[in-house]
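Participant: Handing you a structure now.
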Amino acid sequence: MQTSSLPTVARRLVALATTVVLAAAPALATSASADAPARAQQQEGLAVTGFALGSLRTGQLTRDAGALDTVTVAAVGLRPSGAAVDPPSDDMERVRSKAAGHGLATELLLSNYSNAKGGFDPVAAHRLLSSPDRIDAVAAQVAGLARDGGWGGVNIDLELVPRTDAGGLVELAGALDDALGTDMTLSIDVSASSSARGYRNNGYQLEALGRLVDVVVLMTYDYSGPTWSEPGPIGPVGWQEDAVEVASRFVPADQLDLGIAGYGYTWPRRGTGRSVTVAQARNLVEKDGATARWSREHAEWSARLSNGTVLWWSDARSYDARVALAERLGMHGVALWRLGSADPLG
């Protein structure tokens, strides 16, 4: 059960907006590359995907590479017209090249995040998803950018999609599936819900999407946040398990990835809270002399500072608990938002 009517996808924006401005231009190489397995190939064991921004430092990627299978880099941005995207930035290409150098698969993330709006742009998404011509044009452009740039696949992360555009999202997935062919991967990020109605209201026809993509990534985080809820866990494991149970009625569990938070939030007594990296959360607690407390129920940390600020964050111990959950539920893998903010994976 979610604590707010604000969609999870909108709530995740806070984590983006307070840590980075995406270049408007957030897995695997071309078919000739050694890091591009066939679409039908099955991953042995639990697959691990790390989301990354172009600002990810090389050392952080090198540190985590041994624990990863795929790096998904955000994002080629959908233009306001909904008819085209901006190309990957040089920084995104740098992260892709470094990931491929470590033998990792890479995916290029398609997003409707707008720097001008400071958030996800539902109007641009609607313009795209309501037009078959725009869908075909964007799918062809994105697939071409991915193939020409040495990426191994594409990740769809269109957020704030109204239920009325759910069919268009399926059409986009189908067009990308056709354009990418069998040698490149296709995944989609889905705002998690503990009810079938919640998924439908967020614009997801899960069963139809599952037939077209290789992996459905459940964004099982941002259950709580400073602008939409009282202090609470970022992604409580009970809610995550409920979200997986519902989604697996429509998509096989071994095609689902469990989204894992690698960050935290602050709830000050006055003013607006913000997102923090795991290291920042620990530093705030240490400098204040406060006590961090582990919640066995939610598998996350919390603390109250002397000025009344409350923190919740998800760290390496939280990550391990969710890996165990994904294994127990027979899922395809886990997907961490995001590298550079989370604890080291090694």
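Ligands are numbered from 1 in the order shown, residues from 1 within each chain, and chains are lettered A, B, ... in the order they appear in the structure tokens.
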Name the residues of region 137-330 of chain A that fall into strand (DSSP E) according to DSSP on the backbone, using the chain letters and numbers of this document, as a PyMOL selection string.

Facilitator: chain A and resi 153-157+185-191+215-219+256-261+264-267+275-276+293-295+300-304+310-313

Participant: Write out as JSON lines the residues of region 77-169 of chain A that have any atom within 6 Å of an atom of region 180-192 of chain A, one row each with the nearest atom pair and its distance in Å to one decimal, counting only C-alpha atoms, sorted by chain and then rising number.

Facilitator:
```
{"residue": "A:Ala143", "atom": "CA", "partner": "A:Leu180", "partner_atom": "CA", "distance": 5.7}
{"residue": "A:Gly152", "atom": "CA", "partner": "A:Met184", "partner_atom": "CA", "distance": 5.2}
{"residue": "A:Gly153", "atom": "CA", "partner": "A:Thr185", "partner_atom": "CA", "distance": 4.3}
{"residue": "A:Val154", "atom": "CA", "partner": "A:Leu186", "partner_atom": "CA", "distance": 5.1}
{"residue": "A:Asn155", "atom": "CA", "partner": "A:Ser187", "partner_atom": "CA", "distance": 4.7}
{"residue": "A:Ile156", "atom": "CA", "partner": "A:Ile188", "partner_atom": "CA", "distance": 4.5}
{"residue": "A:Asp157", "atom": "CA", "partner": "A:Asp189", "partner_atom": "CA", "distance": 5.3}
```

Participant: Using only C-alpha atoms, which of A:Gly168, A:Gly149, A:Gly238, A:Gly45 sits nearest Ala100 (chain A)?

Facilitator: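 Looking at the shortest contact to Ala100 (chain A), the residue is A:Gly149.
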
Participant: What are the closest atom pairs, with distances in Å to one decimal, for all residues of region 83-155 of chain A lying within 9 Å of region 161-164 of chain A? Consider only C-alpha atoms, order rows by chain and residue number, and present the result as CSV.

Facilitator:
```
residue,atom,partner,partner_atom,distance
A:Pro122,CA,A:Val161,CA,6.1
A:Val123,CA,A:Val161,CA,9.0
A:Ala125,CA,A:Val161,CA,6.7
A:His126,CA,A:Val161,CA,7.2
A:Leu129,CA,A:Val161,CA,8.9
```

Participant: Name the residues in contact with Pro344 (chain A) at a cut-off of 12 Å, using only C-alpha atoms, excluding same-chain residues fewer than 6 positions from it; report them as an mmCIF file with C-alpha atoms, in the first residue's frame.

Facilitator:
```
data_model
loop_
_atom_site.group_PDB
_atom_site.id
_atom_site.type_symbol
_atom_site.label_atom_id
_atom_site.label_comp_id
_atom_site.auth_asym_id
_atom_site.auth_seq_id
_atom_site.Cartn_x
_atom_site.Cartn_y
_atom_site.Cartn_z
ATOM 1 C CA GLY A 50 23.417 -0.574 -12.134
ATOM 2 C CA GLY A 59 36.902 4.984 -10.320
ATOM 3 C CA GLN A 60 33.429 4.287 -8.980
ATOM 4 C CA LEU A 61 32.548 2.217 -12.038
ATOM 5 C CA THR A 62 35.822 0.307 -11.829
ATOM 6 C CA ARG A 63 35.176 -0.369 -8.134
ATOM 7 C CA ASP A 64 31.724 -1.872 -8.795
ATOM 8 C CA ALA A 65 32.345 -3.556 -12.151
ATOM 9 C CA GLY A 66 33.016 -7.000 -10.716
ATOM 10 C CA ALA A 67 29.561 -7.109 -9.110
ATOM 11 C CA LEU A 68 27.655 -5.958 -12.209
ATOM 12 C CA GLY A 262 21.110 3.302 -3.149
ATOM 13 C CA THR A 277 23.907 9.566 -1.011
ATOM 14 C CA VAL A 278 24.552 6.756 1.414
ATOM 15 C CA ALA A 279 27.887 8.297 2.391
ATOM 16 C CA ASP A 315 22.789 0.910 2.176
ATOM 17 C CA ALA A 316 24.816 -2.230 1.495
ATOM 18 C CA ARG A 317 22.985 -4.176 4.200
ATOM 19 C CA TYR A 319 20.985 -4.167 -0.769
ATOM 20 C CA ASP A 320 21.885 -7.633 0.507
ATOM 21 C CA LEU A 336 20.288 -0.436 -8.400
ATOM 22 C CA ARG A 338 22.211 4.386 -8.708
#
```

Participant: Skip Arg200 (chain A) itself and residues of its chain fewer than 4 positions away, then list as a list in words all residues within 8 Å of it, counting only C-alpha atoms.

Facilitator: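 What passes the distance filter is Arg163, Ala166, Ala196, Tyr204 and Gln205 of chain A.
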
Participant: Name the residues of region 156-251 of chain A that fall into helix (DSSP H, G or I) according to DSSP on the backbone, using the chain letters and numbers of this document, as a ChimeraX atom specification.

Facilitator: /A:163-180,196-201,206-210,237-247

Participant: Restricted to N, CA and C atoms, what would the selected residues look like written as a compact mmCIF listing (two decimals), in the first residue's frame?

Facilitator:
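Ended up saving to selection-v3.txt:
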```
# COMPACT_ATOMS: atom_id res chain seq x y z
N ARG A 163 -2.92 6.72 -18.02
CA ARG A 163 -3.50 5.43 -18.39
C ARG A 163 -3.99 5.44 -19.83
N THR A 164 -4.44 6.59 -20.31
CA THR A 164 -4.95 6.67 -21.68
C THR A 164 -3.86 6.47 -22.73
N ASP A 165 -2.59 6.59 -22.34
CA ASP A 165 -1.49 6.39 -23.28
C ASP A 165 -0.82 5.03 -23.11
N ALA A 166 -1.45 4.16 -22.32
CA ALA A 166 -0.85 2.84 -22.08
C ALA A 166 -0.67 2.05 -23.37
N GLY A 167 -1.64 2.14 -24.26
CA GLY A 167 -1.52 1.44 -25.53
C GLY A 167 -0.37 1.96 -26.37
N GLY A 168 -0.14 3.27 -26.32
CA GLY A 168 0.98 3.85 -27.05
C GLY A 168 2.32 3.39 -26.51
N LEU A 169 2.40 3.18 -25.18
CA LEU A 169 3.64 2.68 -24.60
C LEU A 169 3.92 1.26 -25.09
N VAL A 170 2.88 0.46 -25.22
CA VAL A 170 3.04 -0.89 -25.78
C VAL A 170 3.50 -0.80 -27.23
N GLU A 171 2.92 0.12 -27.99
CA GLU A 171 3.32 0.29 -29.39
C GLU A 171 4.79 0.71 -29.49
N LEU A 172 5.23 1.59 -28.59
CA LEU A 172 6.63 2.02 -28.60
C LEU A 172 7.54 0.84 -28.30
N ALA A 173 7.17 0.03 -27.31
CA ALA A 173 7.99 -1.14 -26.99
C ALA A 173 8.06 -2.08 -28.19
N GLY A 174 6.94 -2.24 -28.88
CA GLY A 174 6.93 -3.10 -30.06
C GLY A 174 7.80 -2.56 -31.18
N ALA A 175 7.72 -1.24 -31.39
CA ALA A 175 8.53 -0.62 -32.45
C ALA A 175 10.02 -0.73 -32.13
N LEU A 176 10.39 -0.55 -30.87
CA LEU A 176 11.79 -0.69 -30.48
C LEU A 176 12.23 -2.15 -30.59
N ASP A 177 11.36 -3.07 -30.21
CA ASP A 177 11.67 -4.49 -30.32
C ASP A 177 12.00 -4.84 -31.77
N ASP A 178 11.20 -4.34 -32.69
CA ASP A 178 11.45 -4.59 -34.11
C ASP A 178 12.75 -3.94 -34.58
N ALA A 179 12.96 -2.67 -34.15
CA ALA A 179 14.12 -1.91 -34.63
C ALA A 179 15.43 -2.46 -34.08
N LEU A 180 15.41 -2.99 -32.87
CA LEU A 180 16.64 -3.48 -32.25
C LEU A 180 17.03 -4.86 -32.75
N ALA A 196 -3.01 -4.32 -8.88
CA ALA A 196 -3.10 -4.34 -10.33
C ALA A 196 -3.63 -3.01 -10.85
N ARG A 197 -4.58 -2.44 -10.13
CA ARG A 197 -5.12 -1.16 -10.55
C ARG A 197 -4.04 -0.09 -10.56
N GLY A 198 -3.15 -0.13 -9.57
CA GLY A 198 -2.07 0.85 -9.51
C GLY A 198 -1.19 0.80 -10.75
N TYR A 199 -0.85 -0.41 -11.19
CA TYR A 199 -0.06 -0.53 -12.41
C TYR A 199 -0.83 0.02 -13.61
N ARG A 200 -2.09 -0.31 -13.71
CA ARG A 200 -2.89 0.18 -14.84
C ARG A 200 -2.99 1.71 -14.81
N ASN A 201 -3.22 2.26 -13.64
CA ASN A 201 -3.36 3.72 -13.54
C ASN A 201 -2.07 4.45 -13.86
N LEU A 206 0.95 -4.49 -18.31
CA LEU A 206 2.11 -5.33 -18.00
C LEU A 206 2.21 -6.56 -18.88
N GLU A 207 1.11 -7.24 -19.07
CA GLU A 207 1.18 -8.49 -19.84
C GLU A 207 1.64 -8.22 -21.27
N ALA A 208 1.11 -7.17 -21.89
CA ALA A 208 1.50 -6.83 -23.26
C ALA A 208 2.96 -6.38 -23.31
N LEU A 209 3.37 -5.58 -22.35
CA LEU A 209 4.76 -5.13 -22.31
C LEU A 209 5.71 -6.30 -22.12
N GLY A 210 5.32 -7.23 -21.25
CA GLY A 210 6.18 -8.37 -20.98
C GLY A 210 6.43 -9.25 -22.19
N VAL A 237 10.68 -3.69 2.44
CA VAL A 237 10.71 -4.99 1.78
C VAL A 237 9.32 -5.63 1.69
N GLY A 238 8.45 -5.37 2.66
CA GLY A 238 7.10 -5.93 2.58
C GLY A 238 6.34 -5.39 1.40
N TRP A 239 6.43 -4.09 1.16
CA TRP A 239 5.78 -3.47 0.02
C TRP A 239 6.41 -3.95 -1.28
N GLN A 240 7.73 -4.10 -1.28
CA GLN A 240 8.40 -4.59 -2.47
C GLN A 240 7.91 -6.00 -2.83
N GLU A 241 7.79 -6.84 -1.83
CA GLU A 241 7.32 -8.20 -2.10
C GLU A 241 5.90 -8.19 -2.64
N ASP A 242 5.05 -7.33 -2.09
CA ASP A 242 3.68 -7.21 -2.59
C ASP A 242 3.67 -6.76 -4.05
N ALA A 243 4.53 -5.77 -4.37
CA ALA A 243 4.59 -5.25 -5.75
C ALA A 243 5.03 -6.32 -6.73
N VAL A 244 6.00 -7.14 -6.32
CA VAL A 244 6.46 -8.23 -7.18
C VAL A 244 5.36 -9.28 -7.35
N GLU A 245 4.67 -9.59 -6.27
CA GLU A 245 3.61 -10.61 -6.34
C GLU A 245 2.54 -10.19 -7.34
N VAL A 246 2.15 -8.91 -7.32
CA VAL A 246 1.13 -8.44 -8.25
C VAL A 246 1.66 -8.44 -9.68
N ALA A 247 2.87 -7.90 -9.87
CA ALA A 247 3.43 -7.83 -11.22
C ALA A 247 3.61 -9.22 -11.82
```

Participant: If we count only C-alpha atoms and set the cut-off at 12 Å, which residues sit around Ser81 (chain A), ignoring sequence neighbours fewer than 5 positions away in its own chain? Please answer as an MDAnalysis selection string.

Facilitator: chainID A and resid 86 112 114 121:131 134:135 138

Participant: With distances taken over only C-alpha atoms, which of A:Arg322, A:Arg211, A:Arg304, A:Arg79 is nearest to Phe120 (chain A)?

Facilitator: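 Closest to Phe120 (chain A) of all the choices is A:Arg79.
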